[in-house]
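So this one's data.pdb, PDB, C-alpha atoms:
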```
ATOM      1  CA  MET A 394     170.856  68.952  56.350
ATOM      2  CA  ALA A 395     168.607  66.176  55.071
ATOM      3  CA  LEU A 396     168.727  62.943  57.013
ATOM      4  CA  ASP A 397     170.151  59.830  55.431
ATOM      5  CA  GLN A 398     167.356  57.760  53.821
ATOM      6  CA  SER A 399     169.365  54.591  54.284
ATOM      7  CA  PHE A 400     168.369  54.610  57.972
ATOM      8  CA  VAL A 401     164.793  53.584  57.097
ATOM      9  CA  GLY A 402     164.157  50.107  58.474
ATOM     10  CA  ARG A 403     167.040  50.244  60.916
ATOM     11  CA  THR A 404     166.257  48.457  64.189
ATOM     12  CA  TYR A 405     168.147  49.169  67.408
ATOM     13  CA  PRO A 406     168.939  46.552  70.075
ATOM     14  CA  PRO A 407     166.217  45.952  72.711
ATOM     15  CA  THR A 408     166.548  48.042  75.870
ATOM     16  CA  ALA A 409     167.319  46.596  79.286
ATOM     17  CA  PRO A 410     164.011  45.756  81.032
ATOM     18  CA  TYR A 411     162.093  48.591  82.728
ATOM     19  CA  GLU A 412     160.271  47.287  85.803
ATOM     20  CA  VAL A 413     156.836  48.898  86.146
ATOM     21  CA  GLY A 414     156.170  49.740  89.805
ATOM     22  CA  ARG A 415     152.841  50.349  91.524
ATOM     23  CA  GLU A 416     154.108  53.570  93.081
ATOM     24  CA  LYS A 417     155.425  54.899  89.763
ATOM     25  CA  ILE A 418     151.977  54.306  88.245
ATOM     26  CA  ARG A 419     150.383  56.075  91.227
ATOM     27  CA  GLU A 420     152.783  59.030  90.820
ATOM     28  CA  PHE A 421     151.912  59.307  87.112
ATOM     29  CA  ALA A 422     148.144  59.022  87.699
ATOM     30  CA  GLU A 423     148.342  61.731  90.379
ATOM     31  CA  ALA A 424     150.360  63.977  88.039
ATOM     32  CA  VAL A 425     147.633  63.792  85.403
ATOM     33  CA  GLY A 426     144.971  64.188  88.101
ATOM     34  CA  ASP A 427     143.303  60.865  87.336
ATOM     35  CA  ALA A 428     141.748  59.172  90.376
ATOM     36  CA  HIS A 429     140.589  56.017  88.536
ATOM     37  CA  PRO A 430     140.971  53.196  91.114
ATOM     38  CA  ALA A 431     142.425  50.762  88.534
ATOM     39  CA  TYR A 432     145.651  52.819  88.693
ATOM     40  CA  THR A 433     146.113  52.639  92.470
ATOM     41  CA  ASP A 434     143.982  49.877  93.997
ATOM     42  CA  PRO A 435     145.026  46.307  93.099
ATOM     43  CA  GLU A 436     141.596  44.942  94.125
ATOM     44  CA  ALA A 437     139.788  47.418  91.849
ATOM     45  CA  ALA A 438     142.125  46.472  88.994
ATOM     46  CA  LYS A 439     141.563  42.747  89.625
ATOM     47  CA  ALA A 440     137.791  43.296  89.606
ATOM     48  CA  LEU A 441     138.252  44.575  86.030
ATOM     49  CA  GLY A 442     140.202  41.455  85.119
ATOM     50  CA  HIS A 443     143.751  42.798  85.389
ATOM     51  CA  ALA A 444     146.602  41.037  87.197
ATOM     52  CA  ASP A 445     147.562  44.133  89.221
ATOM     53  CA  VAL A 446     147.128  47.909  88.979
ATOM     54  CA  ILE A 447     147.339  49.070  85.377
ATOM     55  CA  ALA A 448     149.012  52.165  83.976
ATOM     56  CA  PRO A 449     147.126  55.009  82.264
ATOM     57  CA  PRO A 450     147.244  54.657  78.460
ATOM     58  CA  THR A 451     150.033  57.192  77.858
ATOM     59  CA  PHE A 452     152.280  56.061  80.756
ATOM     60  CA  VAL A 453     154.363  53.841  78.471
ATOM     61  CA  PHE A 454     155.551  56.857  76.465
ATOM     62  CA  SER A 455     158.181  57.609  79.121
ATOM     63  CA  ILE A 456     159.663  54.175  78.424
ATOM     64  CA  THR A 457     159.414  54.209  74.629
ATOM     65  CA  PHE A 458     160.713  57.761  74.302
ATOM     66  CA  LYS A 459     163.734  56.971  76.423
ATOM     67  CA  ALA A 460     164.357  53.991  74.152
ATOM     68  CA  ALA A 461     163.962  56.242  71.096
ATOM     69  CA  GLY A 462     166.903  58.200  72.519
ATOM     70  CA  GLN A 463     169.129  55.565  70.886
ATOM     71  CA  VAL A 464     167.797  56.768  67.542
ATOM     72  CA  ILE A 465     167.635  60.478  68.317
ATOM     73  CA  GLU A 466     171.176  60.526  69.650
ATOM     74  CA  ASP A 467     172.640  58.262  66.971
ATOM     75  CA  PRO A 468     175.530  60.407  65.704
ATOM     76  CA  GLN A 469     175.378  58.680  62.316
ATOM     77  CA  LEU A 470     171.762  59.781  61.833
ATOM     78  CA  GLY A 471     172.652  63.373  62.697
ATOM     79  CA  LEU A 472     169.278  64.644  63.937
ATOM     80  CA  ASP A 473     169.460  68.166  65.437
ATOM     81  CA  TYR A 474     167.554  67.477  68.646
ATOM     82  CA  SER A 475     167.557  71.128  69.706
ATOM     83  CA  ARG A 476     165.107  71.774  66.840
ATOM     84  CA  VAL A 477     162.871  68.738  67.399
ATOM     85  CA  VAL A 478     159.165  68.948  68.169
ATOM     86  CA  HIS A 479     156.752  66.085  68.769
ATOM     87  CA  GLY A 480     154.458  65.818  65.748
ATOM     88  CA  ASP A 481     152.229  62.771  66.223
ATOM     89  CA  GLN A 482     151.886  60.029  68.785
ATOM     90  CA  LYS A 483     149.993  56.757  68.545
ATOM     91  CA  PHE A 484     149.695  53.623  70.653
ATOM     92  CA  VAL A 485     148.215  50.231  69.805
ATOM     93  CA  TYR A 486     147.708  48.040  72.865
ATOM     94  CA  VAL A 487     147.619  44.264  73.044
ATOM     95  CA  ARG A 488     146.893  44.674  76.767
ATOM     96  CA  PRO A 489     147.365  47.487  79.308
ATOM     97  CA  VAL A 490     150.754  47.952  80.982
ATOM     98  CA  CYS A 491     150.545  46.415  84.443
ATOM     99  CA  ALA A 492     152.524  46.763  87.683
ATOM    100  CA  GLY A 493     155.197  44.071  87.807
ATOM    101  CA  ASP A 494     155.761  44.098  84.049
ATOM    102  CA  ARG A 495     159.388  44.042  82.952
ATOM    103  CA  LEU A 496     159.270  45.840  79.612
ATOM    104  CA  SER A 497     161.861  45.956  76.887
ATOM    105  CA  VAL A 498     161.603  48.267  73.880
ATOM    106  CA  THR A 499     162.871  47.633  70.368
ATOM    107  CA  SER A 500     163.018  50.849  68.325
ATOM    108  CA  THR A 501     162.814  50.867  64.537
ATOM    109  CA  ILE A 502     163.096  53.798  62.143
ATOM    110  CA  GLU A 503     159.991  53.529  59.958
ATOM    111  CA  ALA A 504     160.420  56.636  57.834
ATOM    112  CA  VAL A 505     162.829  59.497  57.183
ATOM    113  CA  LYS A 506     161.535  62.419  55.150
ATOM    114  CA  SER A 507     162.466  65.965  54.312
ATOM    115  CA  MET A 508     159.668  68.453  53.738
ATOM    116  CA  ALA A 509     160.181  72.193  53.273
ATOM    117  CA  GLY A 510     163.556  71.922  54.954
ATOM    118  CA  ASN A 511     162.137  70.063  57.957
ATOM    119  CA  ASP A 512     163.458  66.620  58.812
ATOM    120  CA  ILE A 513     160.705  64.184  59.741
ATOM    121  CA  LEU A 514     161.457  60.961  61.572
ATOM    122  CA  ASP A 515     158.979  58.170  62.359
ATOM    123  CA  VAL A 516     160.103  55.806  65.105
ATOM    124  CA  ARG A 517     158.212  52.659  66.131
ATOM    125  CA  GLY A 518     158.755  51.193  69.584
ATOM    126  CA  ASP A 519     157.673  47.590  70.111
ATOM    127  CA  VAL A 520     157.252  46.941  73.829
ATOM    128  CA  HIS A 521     157.591  43.332  74.964
ATOM    129  CA  ASP A 522     157.175  41.805  78.401
ATOM    130  CA  GLU A 523     159.565  39.376  80.067
ATOM    131  CA  SER A 524     157.993  36.388  78.355
ATOM    132  CA  GLY A 525     158.533  38.022  74.971
ATOM    133  CA  GLU A 526     154.849  38.846  74.396
ATOM    134  CA  LEU A 527     154.049  42.122  72.666
ATOM    135  CA  VAL A 528     152.255  44.510  75.070
ATOM    136  CA  VAL A 529     151.997  47.769  73.138
ATOM    137  CA  THR A 530     153.443  49.418  70.049
ATOM    138  CA  ALA A 531     154.152  53.157  70.088
ATOM    139  CA  TRP A 532     154.620  55.314  66.991
ATOM    140  CA  THR A 533     156.350  58.678  67.483
ATOM    141  CA  LYS A 534     156.714  61.286  64.766
ATOM    142  CA  LEU A 535     159.479  63.801  65.417
ATOM    143  CA  VAL A 536     159.922  66.940  63.329
ATOM    144  CA  ALA A 537     163.247  68.802  63.302
ATOM    145  CA  ARG A 538     162.387  72.293  62.107
ATOM    146  CA  ALA A 539     164.521  73.766  59.373
ATOM    147  CA  ALA A 540     167.549  75.671  60.671
ATOM    148  CA  GLU A 541     167.308  79.421  60.218
ATOM    149  CA  GLU A 542     169.548  80.935  57.554
ATOM    150  CA  ALA A 543     172.780  82.085  59.122
TER     151      ALA A 543
ATOM    152  CA  MET B 384     138.883  43.869  80.067
ATOM    153  CA  THR B 385     135.437  44.808  81.119
ATOM    154  CA  ALA B 386     134.079  48.040  79.732
ATOM    155  CA  LYS B 387     130.887  49.199  81.416
ATOM    156  CA  VAL B 388     129.398  50.336  78.111
ATOM    157  CA  SER B 389     127.757  47.769  75.867
ATOM    158  CA  TYR B 390     128.339  47.824  72.120
ATOM    159  CA  GLU B 391     124.561  47.717  71.629
ATOM    160  CA  ALA B 392     124.147  50.878  73.733
ATOM    161  CA  VAL B 393     126.010  53.154  71.328
ATOM    162  CA  GLU B 394     125.575  54.389  67.789
ATOM    163  CA  VAL B 395     127.515  56.693  65.505
ATOM    164  CA  GLY B 396     127.150  60.149  67.030
ATOM    165  CA  THR B 397     126.792  59.007  70.658
ATOM    166  CA  GLU B 398     128.416  61.764  72.734
ATOM    167  CA  LEU B 399     130.727  61.014  75.644
ATOM    168  CA  PRO B 400     130.483  63.179  78.778
ATOM    169  CA  ALA B 401     132.596  66.295  78.101
ATOM    170  CA  ARG B 402     135.282  67.337  80.580
ATOM    171  CA  THR B 403     137.424  70.394  81.237
ATOM    172  CA  PHE B 404     140.855  69.818  82.783
ATOM    173  CA  PRO B 405     142.752  72.673  84.458
ATOM    174  CA  VAL B 406     146.518  72.948  84.020
ATOM    175  CA  THR B 407     148.734  75.321  85.999
ATOM    176  CA  ARG B 408     152.507  75.760  86.248
ATOM    177  CA  ALA B 409     152.410  73.500  89.315
ATOM    178  CA  THR B 410     150.680  70.795  87.241
ATOM    179  CA  LEU B 411     153.489  70.963  84.679
ATOM    180  CA  VAL B 412     156.217  70.664  87.317
ATOM    181  CA  GLN B 413     154.458  67.625  88.764
ATOM    182  CA  TYR B 414     154.042  66.075  85.305
ATOM    183  CA  ALA B 415     157.689  66.744  84.463
ATOM    184  CA  GLY B 416     158.734  64.804  87.548
ATOM    185  CA  ALA B 417     156.347  61.902  86.995
ATOM    186  CA  SER B 418     157.099  61.540  83.278
ATOM    187  CA  GLY B 419     160.809  62.371  83.311
ATOM    188  CA  ASP B 420     160.347  65.069  80.641
ATOM    189  CA  PHE B 421     162.278  68.053  81.984
ATOM    190  CA  ASN B 422     162.373  70.103  78.779
ATOM    191  CA  PRO B 423     162.583  73.721  80.080
ATOM    192  CA  ILE B 424     159.900  74.938  77.644
ATOM    193  CA  HIS B 425     157.464  73.363  80.116
ATOM    194  CA  TRP B 426     158.600  75.283  83.212
ATOM    195  CA  ASN B 427     161.034  78.078  82.299
ATOM    196  CA  GLU B 428     159.383  81.164  80.819
ATOM    197  CA  ARG B 429     162.691  82.787  79.859
ATOM    198  CA  PHE B 430     163.773  79.703  77.934
ATOM    199  CA  ALA B 431     160.356  79.286  76.279
ATOM    200  CA  ARG B 432     160.427  82.851  74.965
ATOM    201  CA  GLU B 433     164.020  82.454  73.769
ATOM    202  CA  VAL B 434     162.957  79.604  71.496
ATOM    203  CA  GLY B 435     160.057  81.622  70.097
ATOM    204  CA  LEU B 436     157.130  80.406  72.203
ATOM    205  CA  PRO B 437     154.623  82.898  73.649
ATOM    206  CA  ASP B 438     155.073  81.509  77.176
ATOM    207  CA  VAL B 439     155.548  78.203  78.985
ATOM    208  CA  ILE B 440     153.558  75.447  77.230
ATOM    209  CA  ALA B 441     152.133  72.177  78.522
ATOM    210  CA  HIS B 442     153.778  68.896  77.592
ATOM    211  CA  GLY B 443     151.978  67.520  74.533
ATOM    212  CA  MET B 444     151.920  64.162  76.294
ATOM    213  CA  PHE B 445     150.175  65.782  79.281
ATOM    214  CA  THR B 446     147.405  67.037  76.998
ATOM    215  CA  MET B 447     147.224  63.597  75.385
ATOM    216  CA  ALA B 448     146.912  62.012  78.859
ATOM    217  CA  GLU B 449     144.077  64.369  79.840
ATOM    218  CA  ALA B 450     142.123  63.921  76.601
ATOM    219  CA  ILE B 451     141.866  60.123  76.905
ATOM    220  CA  ARG B 452     140.279  60.468  80.367
ATOM    221  CA  VAL B 453     137.009  61.301  78.619
ATOM    222  CA  VAL B 454     137.210  57.837  77.061
ATOM    223  CA  THR B 455     138.522  55.871  80.070
ATOM    224  CA  ASP B 456     135.930  57.405  82.428
ATOM    225  CA  TRP B 457     133.170  56.615  79.934
ATOM    226  CA  ALA B 458     134.353  53.052  79.255
ATOM    227  CA  GLY B 459     134.882  52.353  82.972
ATOM    228  CA  ASP B 460     137.968  50.202  82.358
ATOM    229  CA  PRO B 461     141.034  52.084  81.074
ATOM    230  CA  GLY B 462     142.229  48.743  79.695
ATOM    231  CA  ALA B 463     139.377  48.908  77.152
ATOM    232  CA  VAL B 464     141.397  51.447  75.126
ATOM    233  CA  VAL B 465     143.044  49.381  72.389
ATOM    234  CA  GLU B 466     144.325  52.215  70.180
ATOM    235  CA  TYR B 467     144.957  55.902  70.803
ATOM    236  CA  GLY B 468     146.610  58.466  68.551
ATOM    237  CA  VAL B 469     146.882  62.246  68.297
ATOM    238  CA  ARG B 470     148.574  64.961  66.284
ATOM    239  CA  PHE B 471     150.023  67.889  68.244
ATOM    240  CA  THR B 472     148.718  70.899  66.344
ATOM    241  CA  LYS B 473     148.917  73.894  68.716
ATOM    242  CA  PRO B 474     150.563  74.319  72.109
ATOM    243  CA  VAL B 475     148.572  74.708  75.342
ATOM    244  CA  VAL B 476     149.961  77.990  76.690
ATOM    245  CA  VAL B 477     150.068  78.055  80.501
ATOM    246  CA  PRO B 478     150.342  81.535  82.040
ATOM    247  CA  ASP B 479     152.021  82.109  85.399
ATOM    248  CA  ASP B 480     148.899  82.767  87.458
ATOM    249  CA  ASP B 481     146.611  80.764  89.741
ATOM    250  CA  LYS B 482     144.175  79.914  86.967
ATOM    251  CA  GLY B 483     146.589  78.578  84.356
ATOM    252  CA  ALA B 484     144.919  77.115  81.261
ATOM    253  CA  GLN B 485     141.934  74.868  80.579
ATOM    254  CA  ILE B 486     141.904  71.828  78.322
ATOM    255  CA  GLU B 487     138.369  71.220  77.019
ATOM    256  CA  VAL B 488     137.640  67.743  75.720
ATOM    257  CA  THR B 489     134.577  66.424  73.925
ATOM    258  CA  GLY B 490     134.201  63.055  72.252
ATOM    259  CA  LYS B 491     131.742  61.129  70.172
ATOM    260  CA  VAL B 492     131.449  57.717  68.636
ATOM    261  CA  ALA B 493     132.550  58.098  65.009
ATOM    262  CA  ALA B 494     132.423  54.504  63.772
ATOM    263  CA  LEU B 495     131.199  51.060  64.806
ATOM    264  CA  LEU B 496     133.932  48.487  64.166
ATOM    265  CA  ASP B 497     134.168  44.691  64.216
ATOM    266  CA  ASP B 498     134.619  42.671  67.424
ATOM    267  CA  ARG B 499     132.408  45.029  69.499
ATOM    268  CA  ARG B 500     134.859  47.879  69.098
ATOM    269  CA  VAL B 501     134.096  51.540  68.363
ATOM    270  CA  ARG B 502     136.186  54.470  67.224
ATOM    271  CA  VAL B 503     135.831  57.599  69.346
ATOM    272  CA  ASP B 504     136.917  60.950  67.892
ATOM    273  CA  LEU B 505     137.999  63.584  70.408
ATOM    274  CA  THR B 506     137.999  67.351  70.048
ATOM    275  CA  VAL B 507     140.558  69.002  72.316
ATOM    276  CA  MET B 508     140.561  72.777  72.715
ATOM    277  CA  SER B 509     142.415  75.349  74.795
ATOM    278  CA  ASP B 510     141.888  79.098  74.657
ATOM    279  CA  GLY B 511     139.639  78.686  71.616
ATOM    280  CA  LYS B 512     142.235  76.741  69.619
ATOM    281  CA  LYS B 513     142.280  73.114  68.587
ATOM    282  CA  VAL B 514     145.393  71.770  70.344
ATOM    283  CA  LEU B 515     145.174  68.128  69.212
ATOM    284  CA  GLY B 516     144.237  66.974  65.731
ATOM    285  CA  MET B 517     143.320  63.474  64.476
ATOM    286  CA  SER B 518     142.661  62.580  68.102
ATOM    287  CA  ARG B 519     141.131  59.115  67.943
ATOM    288  CA  ALA B 520     140.751  56.111  70.175
ATOM    289  CA  VAL B 521     139.505  52.600  69.502
ATOM    290  CA  VAL B 522     137.638  51.132  72.464
ATOM    291  CA  GLN B 523     136.693  47.546  73.211
ATOM    292  CA  LEU B 524     133.110  47.645  74.481
ATOM    293  CA  ALA B 525     131.259  44.948  76.417
TER     294      ALA B 525
END
```
Take the structure in the file and write it out as structure tokens.
Amino acid sequence: MALDQSFVGRTYPPTAPYEVGREKIREFAEAVGDAHPAYTDPEAAKALGHADVIAPPTFVFSITFKAAGQVIEDPQLGLDYSRVVHGDQKFVYVRPVCAGDRLSVTSTIEAVKSMAGNDILDVRGDVHDESGELVVTAWTKLVARAAEEA
Amino acid sequence: MTAKVSYEAVEVGTELPARTFPVTRATLVQYAGASGDFNPIHWNERFAREVGLPDVIAHGMFTMAEAIRVVTDWAGDPGAVVEYGVRFTKPVVVPDDDKGAQIEVTGKVAALLDDRRVRVDLTVMSDGKKVLGMSRAVVQLA
């Protein structure tokens, strides 16, 4: 079933703040096998001009994708999540995510398309810190593959 | 932000040091825990086959995280990455053995931009297939 075009431009309420912890960054860096000291050593991060350890570039996806859950699970939109695959992902950074940040995400539906029976959904997540400054914007393209004929 | 590479030191075509990143089933379990993405296609072979995949596949976001390491290691400061985008074109299939799969990443400077920035285009392969498309980063150089 084609998704409702009227959802384009819809913005969802900002999420409750996610507090970025040093140990969560360390856990993520270890999981991707990245030993860069800026992720685990506050002094090394400060030597590069950062306030505290920074997160690897894709770390913030865990936060923005959880926020996008508001969109994905919106019963009015009617996306069949069991058929969804991740199509594209993009980030534009104002600054790196840093330990101690309290980040809130505002999700907006940028596009809703139907192509060859597939539903395509573009969601933008604007990530702000506690002072309201934009930190990073994430764009996620989700593709719900066409349902097989019954 | 303090990249270790100077804008003057690069030109279009400058190659970044290539890297190969191994990924096993254990890697995927660890990544699932760290990222919170517990989709069973990334750890349950039975489930993966039921939904039409050849085997367990790596998280696309794991592959995306590995690919940018070629850029962050080159730049010296991961905070020098100001844009990063990819298209997920083919899955990285991870067999249940000790070797797993390999993610091979090469990168080169594709464009010189304003404000001492450059665009780096990445090529990301696994098992002879291009697994990420349109894989591009913009980097703030010194």
Using the chain letters and numbers from the file, give me the residues hit by the PyMOL selection byres ((chain B and resi 451-466) around 6), as a ChimeraX atom specification.
/A:484-486,489 /B:384,386-388,448-450,467,520-523
Per residue of stretch 413-521 of chain A within 10 Å of stretch 396-405 of chain A, note the shortest atom pair and the distance in Å to one decimal, counting only C-alpha atoms, and order the rows by chain and increasing residue number, as a Markdown table.
```
| residue | atom | partner | partner_atom | distance |
| --- | --- | --- | --- | --- |
| A:Ala460 | CA | A:Tyr405 | CA | 9.1 |
| A:Ala461 | CA | A:Tyr405 | CA | 9.0 |
| A:Gln463 | CA | A:Tyr405 | CA | 7.3 |
| A:Val464 | CA | A:Tyr405 | CA | 7.6 |
| A:Gln469 | CA | A:Asp397 | CA | 8.7 |
| A:Leu470 | CA | A:Leu396 | CA | 6.5 |
| A:Gly471 | CA | A:Leu396 | CA | 6.9 |
| A:Leu472 | CA | A:Leu396 | CA | 7.2 |
| A:Asp473 | CA | A:Leu396 | CA | 9.9 |
| A:Val498 | CA | A:Tyr405 | CA | 9.2 |
| A:Thr499 | CA | A:Tyr405 | CA | 6.2 |
| A:Ser500 | CA | A:Tyr405 | CA | 5.5 |
| A:Thr501 | CA | A:Thr404 | CA | 4.2 |
| A:Ile502 | CA | A:Gly402 | CA | 5.3 |
| A:Glu503 | CA | A:Val401 | CA | 5.6 |
| A:Ala504 | CA | A:Val401 | CA | 5.4 |
| A:Val505 | CA | A:Gln398 | CA | 5.9 |
| A:Lys506 | CA | A:Leu396 | CA | 7.4 |
| A:Ser507 | CA | A:Leu396 | CA | 7.5 |
| A:Asn511 | CA | A:Leu396 | CA | 9.7 |
| A:Asp512 | CA | A:Leu396 | CA | 6.7 |
| A:Ile513 | CA | A:Leu396 | CA | 8.6 |
| A:Leu514 | CA | A:Leu396 | CA | 8.8 |
| A:Asp515 | CA | A:Val401 | CA | 9.1 |
| A:Val516 | CA | A:Val401 | CA | 9.5 |
| A:Arg517 | CA | A:Thr404 | CA | 9.3 |
| A:Gly518 | CA | A:Thr404 | CA | 9.6 |
```
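Coordinates place atom CA of B:Ile486 at a distance of 8.1 Å from atom CA of B:Asp510.
Atom to atom, atom CA of B:Arg499 and atom CA of B:Thr397 stand 15.1 Å apart.
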Carefully work through the PyMOL selection byres ((chain A and resi 427-443) around 8) for this structure and note down the residues it includes, as a list in words.
Arg415, Ile418, Arg419, Ala422, Glu423, Ala424, Val425, Gly426, Ala444, Asp445, Val446, Ile447, Ala448, Pro449 and Cys491 of chain A; Met384, Thr385, Arg452, Asp456, Asp460 and Pro461 of chain B
Selection from above, C-alpha atoms, as a PDB file, keeping the file's coordinate frame, can you write it?
```pdb
ATOM      1  CA  ARG A 415     152.841  50.349  91.524  1.00  0.00           C
ATOM      2  CA  ILE A 418     151.977  54.306  88.245  1.00  0.00           C
ATOM      3  CA  ARG A 419     150.383  56.075  91.227  1.00  0.00           C
ATOM      4  CA  ALA A 422     148.144  59.022  87.699  1.00  0.00           C
ATOM      5  CA  GLU A 423     148.342  61.731  90.379  1.00  0.00           C
ATOM      6  CA  ALA A 424     150.360  63.977  88.039  1.00  0.00           C
ATOM      7  CA  VAL A 425     147.633  63.792  85.403  1.00  0.00           C
ATOM      8  CA  GLY A 426     144.971  64.188  88.101  1.00  0.00           C
ATOM      9  CA  ALA A 444     146.602  41.037  87.197  1.00  0.00           C
ATOM     10  CA  ASP A 445     147.562  44.133  89.221  1.00  0.00           C
ATOM     11  CA  VAL A 446     147.128  47.909  88.979  1.00  0.00           C
ATOM     12  CA  ILE A 447     147.339  49.070  85.377  1.00  0.00           C
ATOM     13  CA  ALA A 448     149.012  52.165  83.976  1.00  0.00           C
ATOM     14  CA  PRO A 449     147.126  55.009  82.264  1.00  0.00           C
ATOM     15  CA  CYS A 491     150.545  46.415  84.443  1.00  0.00           C
TER      16      CYS A 491
ATOM     17  CA  MET B 384     138.883  43.869  80.067  1.00  0.00           C
ATOM     18  CA  THR B 385     135.437  44.808  81.119  1.00  0.00           C
ATOM     19  CA  ARG B 452     140.279  60.468  80.367  1.00  0.00           C
ATOM     20  CA  ASP B 456     135.930  57.405  82.428  1.00  0.00           C
ATOM     21  CA  ASP B 460     137.968  50.202  82.358  1.00  0.00           C
ATOM     22  CA  PRO B 461     141.034  52.084  81.074  1.00  0.00           C
TER      23      PRO B 461
END
```
